>>> print(open('model-v4.txt').read())   # compact mmCIF, C-alpha atoms
# COMPACT_ATOMS: atom_id res chain seq x y z
CA MET A 1 83.01 67.99 88.41
CA ALA A 2 85.47 70.12 86.41
CA LYS A 3 87.54 72.56 88.43
CA ALA A 4 86.63 76.20 87.79
CA MET A 5 89.21 78.30 85.93
CA ALA A 6 91.15 80.61 88.27
CA ARG A 7 90.28 84.28 87.78
CA ASP A 8 92.39 87.32 88.60
CA ASP A 9 89.52 89.46 89.89
CA PHE A 10 89.75 93.03 91.15
CA SER A 11 89.63 93.80 94.86
CA LYS A 12 86.62 95.73 96.21
CA ASP A 13 88.83 98.77 96.70
CA THR A 14 90.00 98.63 93.05
CA VAL A 15 86.40 98.42 91.80
CA THR A 16 85.40 101.40 93.94
CA LYS A 17 88.37 103.43 92.69
CA LEU A 18 87.50 102.63 89.05
CA ALA A 19 83.97 103.95 89.63
CA GLU A 20 85.06 107.03 91.55
CA ARG A 21 87.63 108.05 88.92
CA VAL A 22 84.85 108.49 86.34
CA GLY A 23 82.21 109.85 88.71
CA PHE A 24 80.21 106.59 88.58
CA LEU A 25 79.41 107.25 84.90
CA CYS A 26 79.75 104.54 82.26
CA SER A 27 83.09 105.05 80.44
CA ASN A 28 81.60 104.26 77.03
CA PRO A 29 81.49 107.71 75.32
CA ALA A 30 78.30 106.72 73.47
CA CYS A 31 76.58 105.80 76.77
CA ARG A 32 77.82 107.80 79.80
CA THR A 33 74.85 106.66 81.87
CA HIS A 34 74.77 107.06 85.66
CA THR A 35 75.52 103.77 87.37
CA VAL A 36 74.54 104.56 90.95
CA GLY A 37 71.42 106.06 92.49
CA PRO A 38 68.87 105.75 95.30
CA ASN A 39 67.24 102.50 96.33
CA SER A 40 63.63 102.19 97.51
CA GLU A 41 65.11 101.48 100.96
CA GLN A 42 66.35 104.75 102.40
CA THR A 43 69.53 103.23 103.82
CA LYS A 44 70.60 101.65 100.51
CA SER A 45 71.76 102.70 97.05
CA THR A 46 71.40 100.88 93.73
CA ARG A 47 74.44 100.28 91.57
CA ILE A 48 74.25 99.07 87.94
CA GLY A 49 77.92 99.48 87.06
CA LYS A 50 80.77 97.00 86.85
CA GLY A 51 84.53 97.09 87.08
CA ALA A 52 85.25 95.28 83.81
CA HIS A 53 88.58 93.80 82.74
CA ILE A 54 90.24 95.38 79.71
CA THR A 55 92.17 92.15 79.15
CA ALA A 56 90.46 89.03 80.47
CA ALA A 57 90.77 87.83 84.07
CA SER A 58 91.33 84.22 82.96
CA ILE A 59 92.46 82.14 80.00
CA GLY A 60 89.94 82.01 77.17
CA GLY A 61 88.28 85.30 78.10
CA PRO A 62 87.94 88.26 75.73
CA ARG A 63 91.18 90.12 74.96
CA TYR A 64 93.19 87.72 77.17
CA ASP A 65 96.88 88.67 77.37
CA ALA A 66 99.17 85.80 78.35
CA ASN A 67 102.07 88.23 78.86
CA LEU A 68 100.49 89.71 82.00
CA THR A 69 101.12 88.37 85.49
CA PRO A 70 98.17 87.68 87.84
CA LYS A 71 98.92 90.91 89.73
CA GLN A 72 98.92 92.91 86.48
CA ARG A 73 95.54 91.42 85.45
CA CYS A 74 93.85 92.51 88.67
CA HIS A 75 95.59 95.90 88.82
CA ILE A 76 93.52 99.05 88.38
CA SER A 77 95.34 99.82 85.11
CA ASN A 78 93.62 96.76 83.57
CA GLY A 79 90.13 97.86 84.61
CA ILE A 80 87.41 100.11 83.21
CA TRP A 81 84.12 101.22 84.80
CA LEU A 82 81.04 100.47 82.65
CA CYS A 83 77.31 100.11 83.08
CA ALA A 84 76.07 96.50 83.14
CA ASN A 85 74.89 96.66 79.52
CA CYS A 86 78.17 97.98 78.13
CA ALA A 87 80.19 95.56 80.29
CA ASP A 88 78.24 92.71 78.69
CA LEU A 89 78.53 94.23 75.21
CA ILE A 90 82.33 94.56 75.14
CA ASP A 91 82.80 90.90 76.02
CA LYS A 92 80.45 89.71 73.26
CA ASP A 93 82.28 91.58 70.48
CA GLU A 94 85.98 91.76 71.32
CA ASN A 95 86.96 92.54 67.71
CA THR A 96 85.00 95.79 67.79
CA PHE A 97 85.83 96.56 71.41
CA SER A 98 89.56 95.93 71.33
CA THR A 99 92.06 96.70 74.10
CA THR A 100 92.98 99.94 72.30
CA VAL A 101 89.36 101.06 72.15
CA LEU A 102 88.73 100.33 75.85
CA VAL A 103 91.92 102.10 76.92
CA SER A 104 90.79 105.14 74.90
CA TRP A 105 87.34 105.05 76.56
CA LYS A 106 88.89 104.90 80.00
CA SER A 107 91.42 107.63 79.31
CA ARG A 108 88.75 109.92 77.86
CA ALA A 109 86.28 109.33 80.72
CA GLU A 110 88.91 110.05 83.39
CA LEU A 111 90.11 113.13 81.55
CA GLU A 112 86.55 114.48 81.28
CA MET A 113 85.94 113.91 84.98
CA HIS A 114 89.25 115.61 85.81
CA LYS A 115 88.18 118.63 83.73
CA GLU A 116 84.79 118.73 85.45
CA LEU A 117 86.49 118.75 88.86
CA LYS A 118 88.42 121.83 87.70
CA GLY A 119 85.30 123.43 86.23
CA GLU A 120 86.36 122.77 82.64
CA ALA A 121 83.53 120.46 81.57
CA SER A 122 82.79 119.85 77.87
CA ASN A 123 81.27 122.94 76.20
CA HIS A 124 78.71 120.74 74.49
CA ARG A 125 77.57 119.30 77.81
CA LYS A 126 77.47 122.72 79.50
CA GLN A 127 75.36 124.17 76.71
CA PHE A 128 73.05 121.15 76.82
CA ALA A 129 72.60 121.53 80.59
CA ASP A 130 71.93 125.26 80.20
CA PHE A 131 69.24 124.49 77.62
CA LEU A 132 67.51 122.02 79.93
CA ILE A 133 67.54 124.49 82.83
CA SER A 134 66.19 127.19 80.56
CA ARG A 135 63.40 124.88 79.31
CA MET A 136 62.32 124.01 82.84
CA SER A 137 62.50 127.52 84.30
CA THR A 138 60.45 129.55 81.77
CA LYS A 139 57.30 129.14 79.67
CA LYS A 140 57.91 129.14 75.92
CA SER A 141 55.85 128.83 72.75
CA LYS A 142 55.76 125.61 70.75
CA ARG A 143 57.83 127.27 68.02
CA GLN A 144 60.53 128.29 70.49
CA ILE A 145 60.59 124.78 71.95
CA ASP A 146 60.84 123.22 68.46
CA GLU A 147 63.72 125.53 67.59
CA GLU A 148 65.51 124.65 70.83
CA ASP A 149 64.87 120.95 70.26
CA GLU A 150 66.74 121.25 66.96
CA GLU A 151 69.59 123.10 68.69
CA ILE A 152 69.77 120.43 71.38
CA ALA A 153 69.82 117.70 68.73
CA THR A 154 72.68 119.55 67.01
CA LEU A 155 74.60 119.75 70.28
CA LEU A 156 74.15 116.04 70.89
CA ARG A 157 75.26 115.23 67.34
CA ASN A 158 78.35 117.40 67.85
CA GLU A 159 79.12 115.59 71.11
CA ILE A 160 78.80 112.17 69.45
CA ASP A 161 80.85 113.27 66.42
CA PHE A 162 83.54 114.63 68.76
CA HIS A 163 83.80 111.30 70.59
CA LYS A 164 83.89 109.34 67.34
CA LYS A 165 86.65 111.51 65.87
CA TRP A 166 88.64 111.38 69.12
CA GLU A 167 88.32 107.61 69.37
CA GLU A 168 89.25 107.15 65.70
CA GLN A 169 92.34 109.31 66.09
CA PHE A 170 93.35 107.61 69.36
CA LYS A 171 93.36 104.22 67.62
CA HIS A 172 95.90 105.49 65.07
CA VAL A 173 98.41 107.02 67.47
CA SER A 174 100.78 104.72 69.33
CA LEU A 175 103.90 104.68 71.46
CA GLU A 176 106.12 102.88 68.99
CA THR A 177 109.22 102.62 71.19
CA PHE A 178 109.95 103.14 74.87
CA SER A 179 113.42 102.27 76.12
CA ILE A 180 116.49 103.52 77.95
CA ASN A 181 119.06 105.39 75.87
CA SER A 182 122.09 103.32 76.91
CA LYS A 183 124.36 105.45 74.71
CA ARG A 184 123.60 108.52 76.82
CA CYS A 185 123.50 107.02 80.32
CA ARG A 186 124.88 104.03 82.22
CA TYR A 187 121.71 101.92 82.47
CA ILE A 188 120.62 98.67 80.85
CA GLU A 189 117.08 97.32 80.61
CA HIS A 190 115.53 93.95 81.42
CA ARG A 191 112.08 93.15 80.00
CA TYR A 192 109.76 90.53 81.41
CA ASN A 193 109.56 87.47 79.14
CA PRO A 194 106.52 85.22 79.80
CA ASN A 195 108.34 82.33 78.09
CA LYS A 196 111.10 82.30 80.69
CA PRO A 197 110.78 81.08 84.31
CA PHE A 198 111.26 83.44 87.23
CA TRP A 199 114.56 83.80 89.05
CA PRO A 200 115.15 81.04 91.67
CA THR A 201 113.40 81.92 94.93
CA ASN A 202 116.21 80.38 97.02
CA ASP A 203 118.56 83.17 95.90
CA THR A 204 118.51 85.75 98.71
CA GLY A 205 121.30 87.82 97.18
CA SER A 206 123.76 86.94 99.97
CA VAL A 207 127.26 85.54 99.48
CA THR A 208 129.09 83.39 102.09
CA TYR A 209 132.59 81.95 102.07
CA GLY A 210 133.76 78.67 103.54
CA PRO A 211 136.83 78.39 105.83
CA ASN A 212 140.29 78.63 104.22
CA SER A 213 138.89 79.87 100.88
CA GLY A 214 136.62 76.85 100.77
CA PRO A 215 133.21 76.50 99.09
CA ILE A 216 131.28 79.65 98.15
CA THR A 217 127.52 79.96 98.63
CA VAL A 218 125.90 82.27 96.11
CA TYR A 219 122.59 82.21 94.16
CA GLY A 220 121.35 80.08 97.06
CA LEU A 221 123.73 77.21 96.14
CA PRO A 222 127.24 76.06 97.15
CA PHE A 223 130.07 76.21 94.58
CA LYS A 224 133.68 75.04 94.70
CA SER A 225 135.03 78.23 93.11
CA TRP A 226 134.09 81.68 91.82
CA VAL A 227 134.63 80.44 88.25
CA GLU A 228 131.95 77.79 88.74
CA ALA A 229 129.62 80.27 90.44
CA LYS A 230 130.02 82.87 87.66
CA ARG A 231 129.33 80.25 85.01
CA TYR A 232 126.11 79.27 86.77
CA GLY A 233 125.14 82.93 87.16
CA GLU A 234 125.58 83.52 83.43
CA VAL A 235 123.28 80.58 82.67
CA LEU A 236 120.66 82.05 85.04
CA ARG A 237 120.80 85.45 83.34
CA GLN A 238 120.35 83.88 79.90
CA THR A 239 117.55 81.48 80.80
CA ARG A 240 115.58 83.26 83.57
CA ASN A 241 113.74 86.52 83.97
CA HIS A 242 115.55 89.23 85.92
CA MET A 243 115.39 88.74 89.68
CA SER A 244 113.09 91.78 90.09
CA PHE A 245 110.19 89.92 88.43
CA ASN A 246 107.87 87.48 90.16
CA GLU A 247 104.24 86.37 89.83
CA ASN A 248 103.06 89.40 91.84
CA SER A 249 104.94 92.02 89.80
CA ILE A 250 103.04 94.75 87.99
CA HIS A 251 106.12 96.17 86.25
CA THR A 252 107.29 94.68 82.94
CA ILE A 253 110.64 96.50 82.64
CA TYR A 254 113.55 96.81 85.06
CA PHE A 255 116.21 99.45 84.37
CA GLU A 256 119.47 98.43 86.04
CA ARG A 257 121.97 101.10 87.04
CA GLN A 258 125.49 100.23 85.86
CA GLU A 259 127.28 103.12 87.56
CA SER A 260 126.37 104.71 90.88
CA LYS A 261 128.68 107.70 90.62
CA ALA A 262 126.77 110.95 90.20
CA PRO A 263 125.60 112.27 87.91
CA ASN A 264 124.15 109.22 86.17
CA TYR A 265 120.59 110.28 85.43
CA PRO A 266 118.54 107.91 83.25
CA ILE A 267 117.70 109.22 79.79
CA PHE A 268 114.67 107.58 78.18
CA TYR A 269 113.92 107.28 74.49
CA PHE A 270 110.35 107.63 73.14
CA ALA A 271 109.11 107.23 69.56
CA ILE A 272 105.49 108.08 68.74
CA ARG A 273 103.75 106.88 65.57
CA ASN A 274 100.93 108.93 64.06
CA ASP A 275 98.87 106.99 61.49
CA SER A 276 95.87 109.31 61.77
CA ALA A 277 94.78 111.74 59.07
CA HIS A 278 95.81 114.78 61.12
CA GLN A 279 98.91 116.36 62.58
CA ILE A 280 99.21 115.95 66.36
CA ILE A 281 101.32 117.80 68.91
CA LEU A 282 103.08 116.32 71.93
CA LYS A 283 102.37 118.85 74.68
CA SER A 284 103.65 117.38 77.95
CA VAL A 285 105.00 114.35 79.76
CA GLN A 286 103.81 113.20 83.16
CA THR A 287 105.56 110.83 85.57
CA GLU A 288 103.32 108.70 87.78
CA VAL A 289 105.21 107.32 90.79
CA TYR A 290 103.41 104.45 92.53
CA GLU A 291 106.02 103.30 95.03
CA ILE A 292 109.47 104.33 96.22
CA ILE A 293 111.88 102.34 98.37
CA PRO A 294 114.93 104.04 99.96
CA LEU A 295 118.21 102.20 99.38
CA LEU A 296 120.84 102.07 102.11
CA ALA A 297 123.86 101.68 99.88
CA ILE A 298 125.02 102.60 96.38
CA GLY A 299 125.69 99.92 93.81
CA GLN A 300 122.52 97.86 93.54
CA SER A 301 121.98 96.76 90.85
CA GLN A 302 116.18 102.86 67.16
CA THR A 303 116.29 104.17 64.11
CA LEU A 304 114.88 107.66 64.71
CA GLU A 305 117.13 110.42 66.02
CA PRO A 306 115.51 112.28 68.95
CA LEU A 307 114.23 115.70 67.87
CA GLU A 308 114.58 117.12 71.38
CA GLU A 309 115.91 116.07 74.77
CA TYR A 310 113.96 117.33 77.79
CA GLU A 311 114.58 117.12 81.53
CA ILE A 312 112.05 116.46 84.28
CA LYS A 313 112.76 116.64 88.02
CA ILE A 314 110.71 114.39 90.29
CA PRO A 315 110.44 114.33 94.10
CA PRO A 316 110.63 111.03 96.04
CA THR A 317 106.89 110.91 96.71
CA ARG A 318 103.95 108.86 95.42
CA ASP A 319 102.65 111.56 93.13
CA LYS A 320 102.39 112.85 89.56
CA THR A 321 104.82 115.36 88.06
CA GLU A 322 104.10 117.02 84.73
CA LYS A 323 106.61 118.60 82.35
CA TYR A 324 105.33 120.91 79.63
CA LEU A 325 107.51 120.42 76.57
CA VAL A 326 108.96 123.60 75.08
CA PRO A 327 109.39 123.47 72.19
CA SER A 328 106.52 121.04 71.62
CA ILE A 329 106.89 118.30 69.00
CA LYS A 330 104.64 118.23 65.95
CA ILE A 331 104.03 114.81 64.39
CA ALA A 332 102.65 114.89 60.86
CA GLN A 333 100.10 112.39 59.63
CA ASN A 334 101.61 109.00 58.67
CA ASP A 335 104.88 109.92 60.36
CA SER A 336 106.84 109.21 63.53
CA ALA A 337 108.88 111.39 65.87
CA ALA A 338 111.23 110.64 68.74
CA PHE A 339 112.46 112.55 71.79
CA GLY A 340 114.65 111.99 74.83
CA LEU A 341 113.79 112.57 78.48
CA ARG A 342 116.34 112.89 81.28
CA VAL A 343 114.85 112.11 84.70
CA VAL A 344 116.48 113.83 87.67
CA PRO A 345 115.41 112.62 91.16
CA MET A 346 115.17 115.42 93.71
CA THR A 347 116.76 113.56 96.61
CA GLY A 348 119.96 113.72 98.59
CA LEU A 349 119.80 110.12 99.82
CA MET A 350 123.23 108.54 99.21
CA GLY A 351 121.93 105.19 98.03
CA GLY A 352 119.07 106.64 96.02
CA TYR A 353 115.66 105.03 95.71
CA GLU A 354 114.03 102.17 93.87
CA TRP A 355 111.09 103.69 91.94
CA LEU A 356 108.02 101.91 90.57
CA MET A 357 106.54 104.23 87.97
CA LYS A 358 105.33 104.82 84.42
CA PHE A 359 105.12 107.69 81.93
CA LYS A 360 102.02 109.34 80.49
CA LEU A 361 102.36 111.33 77.25
CA LEU A 362 99.72 114.01 76.65
CA LEU A 363 99.07 115.02 73.05
CA SER A 364 96.69 117.36 71.28
CA GLY A 365 93.10 116.18 70.86
CA ASP A 366 93.18 114.90 74.48
CA ILE A 367 95.12 111.81 73.35
CA CYS A 368 97.09 110.03 76.08
CA LEU A 369 99.76 107.36 75.64
CA TYR A 370 101.24 105.29 78.46
CA SER A 371 104.52 103.47 78.90
CA ASP A 372 104.69 100.11 80.64
CA TYR A 373 105.19 100.05 84.40
CA PHE A 374 108.89 99.87 85.21
CA ILE A 375 111.27 99.79 88.17
CA ILE A 376 114.45 101.84 88.21
CA ILE A 377 117.10 102.67 90.79
CA MET A 378 118.26 106.27 90.84
>>> encode(input="model-v4.txt", output="structure tokens")
Amino acid sequence: MAKAMARDDFSKDTVTKLAERVGFLCSNPACRTHTVGPNSEQTKSTRIGKGAHITAASIGGPRYDANLTPKQRCHISNGIWLCANCADLIDKDENTFSTTVLVSWKSRAELEMHKELKGEASNHRKQFADFLISRMSTKKSKRQIDEEDEEIATLLRNEIDFHKKWEEQFKHVSLETFSINSKRCRYIEHRYNPNKPFWPTNDTGSVTYGPNSGPITVYGLPFKSWVEAKRYGEVLRQTRNHMSFNENSIHTIYFERQESKAPNYPIFYFAIRNDSAHQIILKSVQTEVYEIIPLLAIGQSQTLEPLEEYEIKIPPTRDKTEKYLVPSIKIAQNDSAAFGLRVVPMTGLMGGYEWLMKFKLLLSGDICLYSDYFIIIM
């Protein structure tokens, strides 16, 4: 019997979080059906939703991305909550339901739910709900009902047209470049390369010396001299992924601090491409910090000119920090624009912290762009 292909499935907690973040509604903007409700047994509920993979959980699946690690495939960022029908549909037509389309669905569904939590639900949906309440609460003539039916149909058409236009525009706006501006700060970047092996696991980072300037143990191996050790280290750096990456990593970029003397704040470079038929405006930038690790000691280790350079201060907590950009950046149709962002950690810890985080760019039309997950010491 053939061995079953290994799958990087979501944990139960991840599936629950995917559902909760969209209020248990299908994330497909053309569906938005409820996916949970009462069961005939009073102590049970019925669920018809699924935590679907945006890129496949195993080789050969729809939208499979070989560049992701197993931990990245089963991370919540690679999931979307859908009803059973839509979950089946997206896997049967991956050309129509591309990664970009699914990311736009997810982003839109979470944004709508966030607005509803703040009492800012879609005007179309509010008006539709008001109509239904009005229809149920009072008696009306057939003519009045027919007129309202036409108004409701118009509202629904507007809602569908809005989603179609939003989705179409989202597909034509992209984060063209995300990198560190090494000319403006003392950092270098390391990007995960799926074609390279991971750093040797026997390297613990420690260095030991033999008696009387004898053999040196570094990179987990003994060497006769520092010259020999440095030569081996250079080969490792050229042929292996950076030591921060392993099969459980969710980050794909590591920004290495080259100078620990303050101030050495990282300055990031972003370039956004707008291939839509409309001008868009970059309104704000949000940092999303997922993990921070205090460091005990210091020393661990484009063609477009930026239109503006902004600064955002972030506290050492697992939280989101948003920076409204003033002046905002307008990006004309079929054009690109770049900007710089200096990140200043609000901490007095001498050694700084190791941060696992990503950026979220919020543009007009409720468009959201995300950077890759990255680790940085600052």
>>> closest_residue(input="model-v4.txt", among="A:Glu41, A:Asp372, A:Asp335, A:Glu94", to="A:Ile54", atoms="all atoms listed in the file")
A:Glu94
>>> closest_residue(input="model-v4.txt", among="A:Thr347, A:Ser179, A:Gln333, A:Thr252", to="A:His278", atoms="only C-alpha atoms")
A:Gln333
>>> closest_residue(input="model-v4.txt", among="A:Leu369, A:Thr201, A:Pro70, A:Glu256", to="A:Lys106", atoms="all atoms listed in the file")
A:Leu369
>>> closest_residue(input="model-v4.txt", among="A:Cys31, A:Ile331, A:Leu236, A:Met378", to="A:Ala109", atoms="all atoms listed in the file")
A:Cys31
>>> residues_near_point(input="model-v4.txt", point="(77.8, 99.9, 86.0)", cutoff="7 Å", atoms="only C-alpha atoms", output="tab-separated table (two decimals) with C-alpha atoms, in the coordinates of the input")
chain	number	residue	atom	x	y	z
A	26	CYS	CA	79.75	104.54	82.26
A	35	THR	CA	75.52	103.77	87.37
A	47	ARG	CA	74.44	100.28	91.57
A	48	ILE	CA	74.25	99.07	87.94
A	49	GLY	CA	77.92	99.48	87.06
A	50	LYS	CA	80.77	97.00	86.85
A	81	TRP	CA	84.12	101.22	84.80
A	82	LEU	CA	81.04	100.47	82.65
A	83	CYS	CA	77.31	100.11	83.08
A	84	ALA	CA	76.07	96.50	83.14
